[in-house]
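Shown next: run14.cif, containing mmCIF, C-alpha atoms.
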data_input
loop_
_atom_site.label_atom_id
_atom_site.label_comp_id
_atom_site.auth_asym_id
_atom_site.auth_seq_id
_atom_site.Cartn_x
_atom_site.Cartn_y
_atom_site.Cartn_z
CA MET A 1 23.05 47.56 -68.65
CA ALA A 2 24.00 48.58 -65.14
CA GLY A 3 27.61 49.44 -64.36
CA GLY A 4 29.80 52.00 -62.66
CA HIS A 5 31.13 55.18 -64.21
CA ARG A 6 33.46 57.81 -62.88
CA LEU A 7 31.65 61.05 -63.68
CA LEU A 8 28.40 62.50 -64.98
CA LEU A 9 28.34 66.16 -66.01
CA GLU A 10 24.68 66.93 -66.52
CA ASN A 11 22.52 69.52 -68.17
CA ALA A 12 25.17 72.02 -69.29
CA ARG A 13 23.98 75.15 -71.07
CA GLN A 14 26.79 74.65 -73.60
CA VAL A 15 29.26 71.83 -74.23
CA VAL A 16 32.05 72.99 -76.53
CA LEU A 17 33.20 69.86 -78.36
CA VAL A 18 35.65 71.84 -80.61
CA CYS A 19 35.67 68.83 -83.01
CA ALA A 20 32.86 66.37 -83.69
CA ARG A 21 34.30 64.25 -86.52
CA GLY A 22 37.62 63.04 -85.14
CA GLU A 23 39.64 65.83 -86.75
CA ARG A 24 43.28 65.88 -85.63
CA PHE A 25 43.53 69.65 -86.20
CA LEU A 26 41.40 72.50 -87.55
CA THR A 27 42.43 75.02 -90.23
CA GLY A 28 40.88 77.68 -92.44
CA ALA A 29 37.09 77.71 -92.71
CA GLU A 30 36.73 74.88 -90.13
CA LEU A 31 37.67 77.48 -87.50
CA ARG A 32 34.74 79.81 -88.20
CA SER A 33 32.39 77.92 -85.91
CA LEU A 34 33.36 75.20 -83.48
CA ALA A 35 31.13 72.23 -82.64
CA VAL A 36 28.93 73.22 -79.65
CA LEU A 37 26.00 71.35 -78.07
CA GLU A 38 23.28 73.14 -76.08
CA GLY A 39 21.57 71.50 -73.09
CA ALA A 40 23.89 68.51 -73.04
CA SER A 41 25.36 65.96 -70.65
CA LEU A 42 28.54 63.94 -70.68
CA VAL A 43 29.76 60.66 -69.12
CA VAL A 44 33.33 59.61 -68.24
CA GLY A 45 34.13 55.94 -67.57
CA THR A 46 36.31 54.50 -64.81
CA ASP A 47 39.17 54.38 -67.35
CA GLY A 48 39.09 58.20 -67.49
CA LEU A 49 37.82 58.28 -71.08
CA ILE A 50 34.67 59.93 -72.43
CA LYS A 51 31.89 57.34 -72.86
CA ALA A 52 28.99 59.47 -74.10
CA ILE A 53 28.05 63.05 -74.97
CA GLY A 54 24.62 64.18 -76.07
CA PRO A 55 21.33 65.91 -75.28
CA ALA A 56 20.70 65.82 -71.52
CA ASP A 57 17.43 63.84 -71.78
CA ALA A 58 18.97 61.20 -74.09
CA ILE A 59 21.95 60.69 -71.76
CA GLN A 60 19.59 60.46 -68.78
CA ARG A 61 17.59 57.70 -70.52
CA GLN A 62 20.70 55.84 -71.68
CA PHE A 63 22.33 55.80 -68.24
CA SER A 64 19.29 55.51 -65.97
CA GLY A 65 19.92 53.11 -63.11
CA GLU A 66 23.70 53.32 -63.51
CA THR A 67 26.02 54.49 -60.75
CA PHE A 68 28.51 57.36 -60.90
CA GLU A 69 31.36 58.08 -58.52
CA GLU A 70 30.57 61.78 -58.99
CA ARG A 71 27.78 63.84 -60.56
CA ILE A 72 28.04 67.56 -61.24
CA ASP A 73 25.01 69.67 -62.11
CA CYS A 74 26.14 72.04 -64.87
CA SER A 75 22.84 73.93 -65.30
CA GLY A 76 23.50 77.40 -66.72
CA LYS A 77 27.22 76.59 -67.14
CA CYS A 78 29.60 75.74 -69.97
CA ILE A 79 31.86 72.73 -70.36
CA LEU A 80 34.99 73.16 -72.48
CA PRO A 81 37.89 70.80 -73.27
CA GLY A 82 40.83 71.10 -70.87
CA LEU A 83 43.23 73.70 -72.26
CA VAL A 84 46.52 72.65 -73.86
CA ASP A 85 49.64 74.79 -73.33
CA ALA A 86 51.97 73.90 -76.20
CA HIS A 87 55.15 75.69 -75.03
CA THR A 88 56.56 76.19 -71.52
CA HIS A 89 59.90 76.34 -69.67
CA PRO A 90 58.65 75.55 -66.16
CA VAL A 91 61.65 73.89 -64.43
CA TRP A 92 64.16 76.43 -63.11
CA ALA A 93 65.60 78.13 -60.06
CA GLY A 94 66.55 81.76 -59.41
CA GLU A 95 64.71 85.05 -59.73
CA ARG A 96 64.65 87.38 -62.75
CA VAL A 97 62.11 90.03 -61.77
CA HIS A 98 64.92 92.66 -61.90
CA GLU A 99 65.25 91.97 -65.64
CA PHE A 100 61.64 93.02 -66.15
CA ALA A 101 62.62 96.42 -64.73
CA MET A 102 65.58 96.53 -67.15
CA LYS A 103 63.29 95.74 -70.09
CA LEU A 104 60.86 98.44 -69.05
CA ALA A 105 63.79 100.87 -68.98
CA GLY A 106 64.59 99.97 -72.61
CA ALA A 107 67.03 97.03 -72.50
CA SER A 108 66.46 94.41 -75.21
CA TYR A 109 66.38 90.65 -74.68
CA MET A 110 69.85 90.34 -76.27
CA ASP A 111 71.25 93.27 -74.19
CA ILE A 112 70.31 91.40 -71.03
CA HIS A 113 71.60 88.09 -72.44
CA GLN A 114 74.99 89.65 -73.27
CA ALA A 115 75.25 91.22 -69.79
CA GLY A 116 75.16 87.71 -68.26
CA GLY A 117 71.42 87.78 -67.58
CA GLY A 118 68.66 85.91 -69.33
CA ILE A 119 69.06 82.21 -69.96
CA ASN A 120 72.66 82.16 -68.66
CA PHE A 121 71.64 83.53 -65.26
CA THR A 122 68.87 80.92 -64.93
CA VAL A 123 71.30 78.18 -66.03
CA GLU A 124 73.69 79.05 -63.18
CA CYS A 125 70.87 78.99 -60.61
CA THR A 126 69.37 75.76 -61.98
CA ARG A 127 72.74 73.98 -62.01
CA HIS A 128 73.15 74.77 -58.30
CA ALA A 129 69.58 73.80 -57.28
CA SER A 130 68.85 70.32 -55.94
CA GLU A 131 66.43 67.99 -57.69
CA GLU A 132 64.01 68.27 -54.73
CA GLU A 133 64.10 72.07 -54.84
CA LEU A 134 63.35 72.07 -58.57
CA LEU A 135 60.55 69.51 -58.13
CA GLY A 136 58.91 71.63 -55.40
CA SER A 137 58.78 74.84 -57.45
CA PHE A 138 57.81 72.96 -60.64
CA GLN A 139 54.84 71.28 -58.95
CA GLN A 140 53.64 74.64 -57.61
CA ARG A 141 53.78 76.08 -61.13
CA LEU A 142 51.88 73.11 -62.54
CA LEU A 143 49.16 73.61 -59.92
CA CYS A 144 48.84 77.27 -60.98
CA MET A 145 48.48 76.14 -64.61
CA MET A 146 45.84 73.56 -63.65
CA ARG A 147 43.82 76.18 -61.77
CA ALA A 148 43.83 78.29 -64.95
CA GLY A 149 42.36 75.36 -66.91
CA THR A 150 45.42 73.64 -68.41
CA THR A 151 45.20 69.83 -68.47
CA LEU A 152 48.00 69.06 -70.97
CA VAL A 153 51.25 71.01 -70.95
CA GLU A 154 54.50 70.81 -72.89
CA CYS A 155 57.49 71.13 -70.51
CA LYS A 156 61.05 71.81 -71.66
CA SER A 157 64.43 71.24 -70.10
CA GLY A 158 67.09 73.70 -71.31
CA TYR A 159 68.39 75.51 -68.22
CA GLY A 160 71.20 72.99 -67.70
CA LEU A 161 72.99 72.90 -71.04
CA ASN A 162 75.36 70.33 -69.51
CA LEU A 163 74.27 66.69 -69.48
CA GLN A 164 74.05 66.38 -65.70
CA THR A 165 71.65 69.32 -65.25
CA GLU A 166 69.56 68.54 -68.33
CA LEU A 167 69.02 65.01 -66.97
CA LYS A 168 68.17 66.46 -63.55
CA MET A 169 65.48 68.63 -65.18
CA LEU A 170 64.10 65.71 -67.21
CA ARG A 171 63.96 63.54 -64.06
CA VAL A 172 62.01 66.32 -62.30
CA ILE A 173 59.54 66.41 -65.22
CA ALA A 174 59.18 62.60 -65.13
CA ARG A 175 58.60 62.61 -61.35
CA ALA A 176 55.90 65.30 -61.60
CA GLN A 177 54.27 63.33 -64.42
CA ARG A 178 53.99 60.28 -62.14
CA LYS A 179 52.62 62.30 -59.18
CA LEU A 180 50.11 64.73 -60.72
CA ASP A 181 46.98 64.29 -62.84
CA ILE A 182 47.97 66.94 -65.40
CA SER A 183 49.27 65.38 -68.66
CA ILE A 184 52.80 66.37 -69.73
CA SER A 185 54.66 66.30 -73.04
CA ALA A 186 58.38 66.39 -72.18
CA THR A 187 60.89 68.20 -74.39
CA TYR A 188 64.68 67.92 -74.34
CA CYS A 189 65.97 71.45 -74.99
CA GLY A 190 69.71 71.08 -74.32
CA ALA A 191 70.31 73.39 -77.30
CA HIS A 192 68.51 76.32 -75.65
CA SER A 193 71.70 78.38 -75.56
CA VAL A 194 75.41 77.89 -76.23
CA PRO A 195 77.06 77.15 -72.86
CA LYS A 196 79.88 79.44 -71.67
CA GLY A 197 83.29 78.31 -72.91
CA LYS A 198 81.92 76.38 -75.90
CA THR A 199 81.26 77.24 -79.54
CA ALA A 200 77.90 76.30 -81.09
CA ALA A 201 79.66 73.51 -83.04
CA GLU A 202 81.22 72.11 -79.84
CA ALA A 203 77.87 72.30 -78.03
CA ALA A 204 76.24 70.42 -80.93
CA ASP A 205 78.96 67.74 -80.80
CA ASP A 206 78.32 67.27 -77.07
CA ILE A 207 74.54 67.00 -77.64
CA VAL A 208 74.78 64.56 -80.55
CA ASN A 209 77.56 62.37 -79.13
CA ASN A 210 76.78 62.44 -75.38
CA HIS A 211 73.36 63.86 -74.50
CA LEU A 212 71.15 62.07 -77.03
CA PRO A 213 72.62 58.55 -76.55
CA LYS A 214 72.11 58.98 -72.77
CA LEU A 215 68.49 60.13 -73.27
CA LYS A 216 67.85 57.05 -75.40
CA GLU A 217 69.35 54.77 -72.73
CA LEU A 218 67.44 56.35 -69.81
CA GLY A 219 64.23 56.39 -71.87
CA ARG A 220 64.56 52.64 -72.41
CA SER A 221 65.06 51.99 -68.68
CA GLY A 222 62.02 54.19 -67.88
CA GLU A 223 63.92 56.65 -65.66
CA ILE A 224 62.90 59.54 -67.90
CA HIS A 225 60.43 59.94 -70.74
CA VAL A 226 61.11 62.43 -73.54
CA ASP A 227 58.70 63.16 -76.40
CA ASN A 228 60.23 66.11 -78.30
CA ILE A 229 63.54 67.72 -79.25
CA ASP A 230 63.99 71.51 -79.31
CA VAL A 231 66.77 73.88 -80.46
CA PHE A 232 66.90 77.69 -80.21
CA CYS A 233 67.62 78.42 -83.88
CA GLU A 234 68.73 82.06 -83.75
CA LYS A 235 71.47 84.43 -84.89
CA GLY A 236 74.29 84.25 -82.31
CA VAL A 237 72.90 80.99 -80.87
CA PHE A 238 72.45 77.92 -83.16
CA ASP A 239 72.58 78.57 -86.90
CA LEU A 240 70.59 76.67 -89.51
CA ASP A 241 73.15 73.92 -90.19
CA THR A 242 73.83 73.23 -86.51
CA THR A 243 70.10 73.25 -85.81
CA ARG A 244 69.52 70.75 -88.63
CA ARG A 245 72.21 68.43 -87.26
CA ILE A 246 70.80 68.40 -83.71
CA LEU A 247 67.14 68.06 -84.76
CA GLN A 248 67.89 65.24 -87.21
CA SER A 249 69.88 63.37 -84.53
CA GLY A 250 66.92 63.72 -82.15
CA LYS A 251 64.50 62.50 -84.82
CA ASP A 252 66.78 59.50 -85.40
CA ILE A 253 66.22 58.35 -81.79
CA GLY A 254 62.44 58.74 -82.13
CA LEU A 255 61.85 62.28 -80.80
CA GLN A 256 59.33 64.63 -82.42
CA ILE A 257 60.88 67.84 -83.75
CA ASN A 258 59.39 70.87 -82.00
CA PHE A 259 61.70 73.89 -81.94
CA HIS A 260 62.19 77.67 -81.52
CA GLY A 261 62.49 79.36 -84.92
CA ASP A 262 62.48 82.75 -86.66
CA GLU A 263 61.95 84.66 -83.40
CA LEU A 264 64.35 87.62 -83.38
CA HIS A 265 65.81 87.32 -86.90
CA PRO A 266 64.57 85.66 -90.13
CA MET A 267 66.58 82.40 -90.19
CA LYS A 268 64.59 80.22 -92.65
CA ALA A 269 63.81 78.02 -89.64
CA ALA A 270 60.24 77.40 -90.86
CA GLU A 271 61.55 76.10 -94.19
CA LEU A 272 63.99 73.84 -92.33
CA GLY A 273 61.28 72.51 -90.03
CA ALA A 274 58.98 71.71 -92.94
CA GLU A 275 61.82 69.90 -94.70
CA LEU A 276 62.71 67.82 -91.61
CA GLY A 277 59.07 66.86 -90.93
CA ALA A 278 58.85 68.89 -87.72
CA GLN A 279 55.65 68.44 -85.69
CA ALA A 280 55.76 72.11 -84.65
CA ILE A 281 57.80 75.32 -84.67
CA SER A 282 57.40 78.02 -82.02
CA HIS A 283 57.65 81.82 -82.13
CA LEU A 284 57.87 82.68 -85.87
CA GLU A 285 57.71 86.45 -85.35
CA GLU A 286 60.14 86.83 -88.30
CA VAL A 287 58.96 83.95 -90.50
CA SER A 288 59.09 84.43 -94.28
CA ASP A 289 56.14 84.02 -96.68
CA GLU A 290 57.91 80.94 -98.11
CA GLY A 291 58.25 79.52 -94.59
CA ILE A 292 54.52 79.97 -93.96
CA ALA A 293 53.65 78.20 -97.24
CA ALA A 294 56.08 75.36 -96.47
CA MET A 295 54.60 74.84 -92.99
CA ALA A 296 51.05 74.71 -94.39
CA THR A 297 52.04 72.05 -96.95
CA ALA A 298 54.00 69.99 -94.39
CA ARG A 299 51.19 70.21 -91.76
CA CYS A 300 53.77 71.54 -89.34
CA ALA A 301 52.02 73.40 -86.50
CA ALA A 302 52.90 77.03 -85.69
CA VAL A 303 52.99 77.51 -81.92
CA LEU A 304 52.43 81.24 -81.41
CA LEU A 305 53.34 82.90 -78.11
CA PRO A 306 51.46 86.17 -77.61
CA THR A 307 52.98 86.78 -74.16
CA THR A 308 56.54 86.94 -75.53
CA ALA A 309 55.78 89.50 -78.22
CA TYR A 310 53.81 91.48 -75.63
CA ILE A 311 56.47 91.48 -72.88
CA LEU A 312 59.48 91.99 -75.19
CA ARG A 313 57.51 94.46 -77.35
CA LEU A 314 58.41 92.44 -80.44
CA LYS A 315 56.60 92.44 -83.74
CA GLN A 316 53.55 90.16 -83.36
CA PRO A 317 53.68 86.88 -85.29
CA ARG A 318 51.55 87.03 -88.45
CA ALA A 319 48.76 84.81 -87.22
CA ARG A 320 46.21 86.06 -89.79
CA LYS A 321 48.51 85.33 -92.73
CA MET A 322 49.21 81.84 -91.32
CA LEU A 323 45.51 81.12 -90.79
CA ASP A 324 44.64 82.38 -94.28
CA GLU A 325 47.35 80.14 -95.79
CA GLY A 326 46.04 77.04 -93.99
CA VAL A 327 48.76 76.68 -91.34
CA ILE A 328 47.77 74.72 -88.20
CA VAL A 329 47.96 77.51 -85.60
CA ALA A 330 48.45 76.59 -81.93
CA LEU A 331 49.08 78.68 -78.80
CA GLY A 332 51.41 78.43 -75.81
CA SER A 333 52.04 80.53 -72.71
CA ASP A 334 55.84 80.38 -73.08
CA PHE A 335 55.88 80.34 -69.27
CA ASN A 336 59.48 81.07 -68.24
CA PRO A 337 61.38 83.63 -66.11
CA ASN A 338 61.17 86.09 -69.03
CA ALA A 339 57.39 85.68 -69.63
CA TYR A 340 55.78 84.78 -66.32
CA CYS A 341 52.27 83.74 -67.36
CA PHE A 342 50.46 80.53 -66.32
CA SER A 343 47.12 81.37 -67.89
CA MET A 344 45.97 80.06 -71.27
CA PRO A 345 42.75 82.15 -71.01
CA MET A 346 44.95 85.29 -70.92
CA VAL A 347 47.05 83.90 -73.80
CA MET A 348 43.86 83.41 -75.86
CA HIS A 349 42.73 86.96 -75.08
CA LEU A 350 46.11 88.40 -76.16
CA ALA A 351 45.97 86.27 -79.33
CA CYS A 352 42.59 87.76 -80.20
CA VAL A 353 43.49 91.39 -79.45
CA ASN A 354 47.13 91.56 -80.55
CA MET A 355 47.25 88.87 -83.24
CA LYS A 356 43.74 89.51 -84.60
CA MET A 357 42.49 85.95 -84.10
CA SER A 358 38.79 85.26 -83.59
CA MET A 359 37.59 83.59 -80.36
CA PRO A 360 36.85 80.23 -82.08
CA GLU A 361 40.33 80.34 -83.70
CA ALA A 362 41.95 81.06 -80.34
CA LEU A 363 40.07 78.29 -78.53
CA ALA A 364 40.93 75.74 -81.24
CA ALA A 365 44.56 76.93 -81.05
CA ALA A 366 44.58 76.29 -77.28
CA THR A 367 42.90 72.88 -77.54
CA ILE A 368 42.90 70.61 -80.62
CA ASN A 369 45.71 72.41 -82.50
CA ALA A 370 47.96 72.69 -79.42
CA ALA A 371 47.38 68.96 -78.83
CA TYR A 372 48.31 68.32 -82.48
CA ALA A 373 51.54 70.33 -82.02
CA LEU A 374 52.45 67.80 -79.30
CA GLY A 375 51.39 64.78 -81.36
CA LYS A 376 48.55 64.11 -78.89
CA SER A 377 45.39 65.26 -80.68
CA HIS A 378 44.11 61.67 -80.96
CA ILE A 379 43.51 61.67 -77.17
CA HIS A 380 43.43 65.34 -76.15
CA GLY A 381 42.08 68.67 -77.37
CA SER A 382 38.38 68.04 -78.00
CA LEU A 383 35.35 66.47 -76.32
CA GLU A 384 34.63 63.29 -78.29
CA VAL A 385 33.81 59.73 -77.28
CA GLY A 386 37.00 57.74 -76.62
CA LYS A 387 39.11 60.79 -75.77
CA GLN A 388 40.53 61.56 -72.33
CA GLY A 389 38.03 63.10 -69.90
CA ASP A 390 39.75 66.50 -69.46
CA PHE A 391 37.39 69.47 -69.01
CA LEU A 392 36.79 72.79 -67.43
CA ILE A 393 33.40 73.99 -66.24
CA ILE A 394 32.87 77.75 -66.26
CA ASN A 395 30.16 79.65 -64.48
CA SER A 396 28.81 81.39 -67.54
CA SER A 397 26.09 80.68 -70.08
CA ARG A 398 28.46 81.31 -73.03
CA TRP A 399 31.91 79.83 -73.50
CA GLU A 400 33.35 83.03 -74.97
CA HIS A 401 33.51 84.55 -71.48
CA LEU A 402 36.65 82.47 -70.85
CA ILE A 403 38.46 84.61 -73.44
CA TYR A 404 36.47 87.85 -73.17
CA GLN A 405 37.09 88.38 -69.44
CA PHE A 406 40.75 89.38 -69.38
CA GLY A 407 42.26 88.02 -66.18
CA GLY A 408 38.83 86.81 -65.07
CA HIS A 409 39.48 83.07 -65.23
CA HIS A 410 39.97 82.69 -61.44
CA GLU A 411 36.33 83.69 -60.89
CA LEU A 412 34.94 81.92 -63.96
CA ILE A 413 36.51 78.47 -63.67
CA GLU A 414 34.53 76.37 -61.18
CA TYR A 415 36.01 72.94 -61.89
CA VAL A 416 39.03 71.55 -63.70
CA ILE A 417 38.77 67.83 -64.42
CA ALA A 418 41.50 65.47 -65.69
CA LYS A 419 40.84 61.84 -66.65
CA GLY A 420 37.38 62.26 -65.13
CA LYS A 421 38.75 63.32 -61.71
CA VAL A 422 38.20 66.77 -60.24
CA ILE A 423 41.70 68.25 -59.89
CA TYR A 424 40.57 71.76 -58.97
CA LYS A 425 37.33 73.05 -57.52
CA LYS A 426 36.78 76.71 -56.82
#

Rewrite the coordinates I just gave you, this time as structure tokens.
Amino acid sequence: MAGGHRLLLENARQVVLVCARGERFLTGAELRSLAVLEGASLVVGTDGLIKAIGPADAIQRQFSGETFEERIDCSGKCILPGLVDAHTHPVWAGERVHEFAMKLAGASYMDIHQAGGGINFTVECTRHASEEELLGSFQQRLLCMMRAGTTLVECKSGYGLNLQTELKMLRVIARAQRKLDISISATYCGAHSVPKGKTAAEAADDIVNNHLPKLKELGRSGEIHVDNIDVFCEKGVFDLDTTRRILQSGKDIGLQINFHGDELHPMKAAELGAELGAQAISHLEEVSDEGIAAMATARCAAVLLPTTAYILRLKQPRARKMLDEGVIVALGSDFNPNAYCFSMPMVMHLACVNMKMSMPEALAAATINAAYALGKSHIHGSLEVGKQGDFLIINSSRWEHLIYQFGGHHELIEYVIAKGKVIYKK
């Protein structure tokens, strides 16, 4: 039958499907070898969804005589799913490059935090910035992420801490979502830090009694859209009981639980997350063996952040132990003023070298498993019929070059495609 389609990607050397049987995540032995087709083509419909994938000659026969808005010859090249960045803090104002110098001179994250730097410094700057200013810098950052192959990104608020600024950040995220082709999972992170002049209990009261009811109201009216709730569960920030109270209140208004846990001190955050039915927990540098087992049983994703451990010179999260125990391991860039990295290819490389992951494990962690951590693996994270047409095309005959070439993604990535539309072309 004749008809119009949006895009034909033809004759690729490799098409990395990641999944071929509708899996929502991959664990254990499934990660040893990902689904890859050789000499294949792919069709995206006008609705932006994948219509067909298969051997180039079969696709050519099936779609002969049909029209395409765009055709791209992928001879000698690889097609991979668009990358998914499962953890970022991309909306903020101010400049913290001086803190990098302090860290290099030996200051710890908490030293800087207690000296009025860190999150508190960014909060002050973000409170004073206008919505337009924040939108401008946020869109630039999203474009940098897109050029590095990211097509779905989790974006947190959390540099407001008061209701007014948190809502300003969430409005900025919603506006970018409407304007750009990158897909966004929005996270309310009002419990990122305890605001000056408040105790953790008072901050929690404010969040539960004021912030969350307002989010629910503005979500209903369509002014903002929030998917997840996050808390920084840490010694000297929000303890286990306060964290539980905030996360449960968020879950009660329909938000997915996706929070920072067991980063600088063992807090039993992983156990708490498993108990509350969390979709994902990030960091986990200090997670206990019991926490790992609980997350595996609860199918709660571990979002590991190799950049943070690298920049802060922390102990690396125990990725191998998690993988061996059957935890769903995902990756994020943790892009923020403290870990300024837009690039999921570099994150995957660091995960392989510093966390001892294999290349297939790292790619799955930055695609299907990262999508699962955001509750979106039914439409993102792999190349399968019916899923969103998000891809990158790299100028290499083997997909592994995307991870192997450290910092080489700018030269490798020729196209980034979202919903079947080219959003970046080298």

If the PyMOL selection byres ((chain A and resi 247-258) around 7) is run on the structure shown, which residues does it catch, given as a PDB file with C-alpha atoms, in the frame of the given file?
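Result went into part39.pdb, see below:
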ATOM      1  CA  VAL A 208      74.780  64.560 -80.550  1.00  0.00           C
ATOM      2  CA  LEU A 212      71.150  62.070 -77.030  1.00  0.00           C
ATOM      3  CA  LYS A 216      67.850  57.050 -75.400  1.00  0.00           C
ATOM      4  CA  ASP A 227      58.700  63.160 -76.400  1.00  0.00           C
ATOM      5  CA  ASN A 228      60.230  66.110 -78.300  1.00  0.00           C
ATOM      6  CA  ILE A 229      63.540  67.720 -79.250  1.00  0.00           C
ATOM      7  CA  ASP A 230      63.990  71.510 -79.310  1.00  0.00           C
ATOM      8  CA  THR A 243      70.100  73.250 -85.810  1.00  0.00           C
ATOM      9  CA  ARG A 244      69.520  70.750 -88.630  1.00  0.00           C
ATOM     10  CA  ARG A 245      72.210  68.430 -87.260  1.00  0.00           C
ATOM     11  CA  ILE A 246      70.800  68.400 -83.710  1.00  0.00           C
ATOM     12  CA  PHE A 259      61.700  73.890 -81.940  1.00  0.00           C
ATOM     13  CA  ALA A 278      58.850  68.890 -87.720  1.00  0.00           C
ATOM     14  CA  GLN A 279      55.650  68.440 -85.690  1.00  0.00           C
ATOM     15  CA  ALA A 280      55.760  72.110 -84.650  1.00  0.00           C
ATOM     16  CA  ILE A 281      57.800  75.320 -84.670  1.00  0.00           C
TER      17      ILE A 281
END

### Message
Just checking: using all atoms listed in the file, which residue out of A:Cys300, A:Met110, A:Ala293, A:Ala86 ends up closest to Leu276 (chain A)?
### Response
A:Cys300

### Task
Go through A:Leu143, A:Leu167, A:Ile112, A:Ala29 one by one, measure the shortest atom-to-atom distance of each to Ser358 (chain A) using all atoms listed in the file, and give the residue with the smallest value.
A:Ala29

### Query
Which protein, DNA or RNA residues have an atom at most 6 Å from (39.0, 71.5, -79.1), counting all atoms listed in the file? List them as a list in words.
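Collected hits near the coordinates: Val18, Cys19, Pro81, Ala364, Thr367, Ile368, Gly381 and Ser382 of chain A.
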
#### Entry: Result set of the PyMOL selection byres ((chain A and resi 31-33) around 10) on the coordinates above, as a ChimeraX atom specification
/A:18-19,25-30,34-36,323,358-365

### Query
What's the 9 Å shell around Ser137 (chain A), counting only C-alpha atoms, without same-chain residues fewer than 5 positions away, as number ranges by chain?
A: 90-93, 132, 142

Target residues per the PyMOL selection byres ((chain A and resi 56) around 8), formatted as a compact mmCIF listing (two decimals) with C-alpha atoms, in the frame of the given file:
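Saved result, out.txt, follows:
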# COMPACT_ATOMS: atom_id res chain seq x y z
CA GLU A 10 24.68 66.93 -66.52
CA ASN A 11 22.52 69.52 -68.17
CA ALA A 12 25.17 72.02 -69.29
CA GLY A 39 21.57 71.50 -73.09
CA ALA A 40 23.89 68.51 -73.04
CA SER A 41 25.36 65.96 -70.65
CA GLY A 54 24.62 64.18 -76.07
CA PRO A 55 21.33 65.91 -75.28
CA ASP A 57 17.43 63.84 -71.78
CA ALA A 58 18.97 61.20 -74.09
CA ILE A 59 21.95 60.69 -71.76
CA GLN A 60 19.59 60.46 -68.78

### Query
Between A:Gly277, A:Gly389, A:Pro337, A:Gly197, which has the minimum distance to Phe121 (chain A) (counting only C-alpha atoms)?
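With only C-alpha atoms as the atom set, the closest residue is A:Pro337.
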
### Summary
Using only C-alpha atoms, the residue out of A:Ala296, A:Ile423, A:Leu163, A:Val153 with shortest distance to Asp334 (chain A) is A:Val153

Would you mind listing what lies within 6 Å of Val15 (chain A) as a JSON list (two decimals) with C-alpha atoms, in the frame of the given file, with all atoms listed in the file counted and same-chain residues fewer than 2 positions away left out?
[["chain", "number", "residue", "atom", "x", "y", "z"],
["A", 36, "VAL", "CA", 28.93, 73.22, -79.65],
["A", 37, "LEU", "CA", 26.00, 71.35, -78.07],
["A", 78, "CYS", "CA", 29.60, 75.74, -69.97],
["A", 79, "ILE", "CA", 31.86, 72.73, -70.36]]

### Task
Find the spatial neighbours of region 115-117 of chain A, counting only C-alpha atoms, within a cut-off of 12 Å - ignore same-chain residues fewer than 2 positions away - and output them as a PyMOL selection string.
chain A and resi 94-100+102-103+107-113+119-125+195-196+337-338

### Query
How many Å lie between CA of Arg175 (chain A) and CA of Gly48 (chain A), rounded to one decimal?
20.9 Å

### Task
Place a sphere of radius 10 Å on (45.1, 65.8, -79.5) in the file coordinates and name every protein, DNA or RNA residue with an atom inside or on its surface, counting all atoms listed in the file; give the answer as number ranges by chain.
A: 22-25, 84, 152, 367-382, 387-388

When you get a chance, write out N, CA, C and O atoms for region 203-210 of chain A, as a PDB file, keeping the file's coordinate frame.
ATOM      1  N   ALA A 203      79.097  72.628 -78.784  1.00  0.00           N
ATOM      2  CA  ALA A 203      77.870  72.300 -78.030  1.00  0.00           C
ATOM      3  C   ALA A 203      77.064  71.239 -78.788  1.00  0.00           C
ATOM      4  O   ALA A 203      76.560  70.286 -78.187  1.00  0.00           O
ATOM      5  N   ALA A 204      76.977  71.396 -80.110  1.00  0.00           N
ATOM      6  CA  ALA A 204      76.240  70.420 -80.930  1.00  0.00           C
ATOM      7  C   ALA A 204      76.895  69.049 -80.873  1.00  0.00           C
ATOM      8  O   ALA A 204      76.203  68.026 -80.763  1.00  0.00           O
ATOM      9  N   ASP A 205      78.235  69.018 -80.920  1.00  0.00           N
ATOM     10  CA  ASP A 205      78.960  67.740 -80.800  1.00  0.00           C
ATOM     11  C   ASP A 205      78.601  67.046 -79.490  1.00  0.00           C
ATOM     12  O   ASP A 205      78.336  65.843 -79.454  1.00  0.00           O
ATOM     13  N   ASP A 206      78.613  67.815 -78.404  1.00  0.00           N
ATOM     14  CA  ASP A 206      78.320  67.270 -77.070  1.00  0.00           C
ATOM     15  C   ASP A 206      76.884  66.694 -77.038  1.00  0.00           C
ATOM     16  O   ASP A 206      76.656  65.595 -76.530  1.00  0.00           O
ATOM     17  N   ILE A 207      75.957  67.437 -77.619  1.00  0.00           N
ATOM     18  CA  ILE A 207      74.540  67.000 -77.640  1.00  0.00           C
ATOM     19  C   ILE A 207      74.379  65.713 -78.440  1.00  0.00           C
ATOM     20  O   ILE A 207      73.769  64.740 -77.983  1.00  0.00           O
ATOM     21  N   VAL A 208      74.949  65.710 -79.639  1.00  0.00           N
ATOM     22  CA  VAL A 208      74.780  64.560 -80.550  1.00  0.00           C
ATOM     23  C   VAL A 208      75.515  63.324 -80.039  1.00  0.00           C
ATOM     24  O   VAL A 208      74.996  62.210 -80.089  1.00  0.00           O
ATOM     25  N   ASN A 209      76.736  63.522 -79.524  1.00  0.00           N
ATOM     26  CA  ASN A 209      77.560  62.370 -79.130  1.00  0.00           C
ATOM     27  C   ASN A 209      77.341  61.901 -77.707  1.00  0.00           C
ATOM     28  O   ASN A 209      77.570  60.733 -77.396  1.00  0.00           O
ATOM     29  N   ASN A 210      76.908  62.805 -76.802  1.00  0.00           N
ATOM     30  CA  ASN A 210      76.780  62.440 -75.380  1.00  0.00           C
ATOM     31  C   ASN A 210      75.352  62.522 -74.861  1.00  0.00           C
ATOM     32  O   ASN A 210      74.842  61.580 -74.268  1.00  0.00           O
TER      33      ASN A 210
END
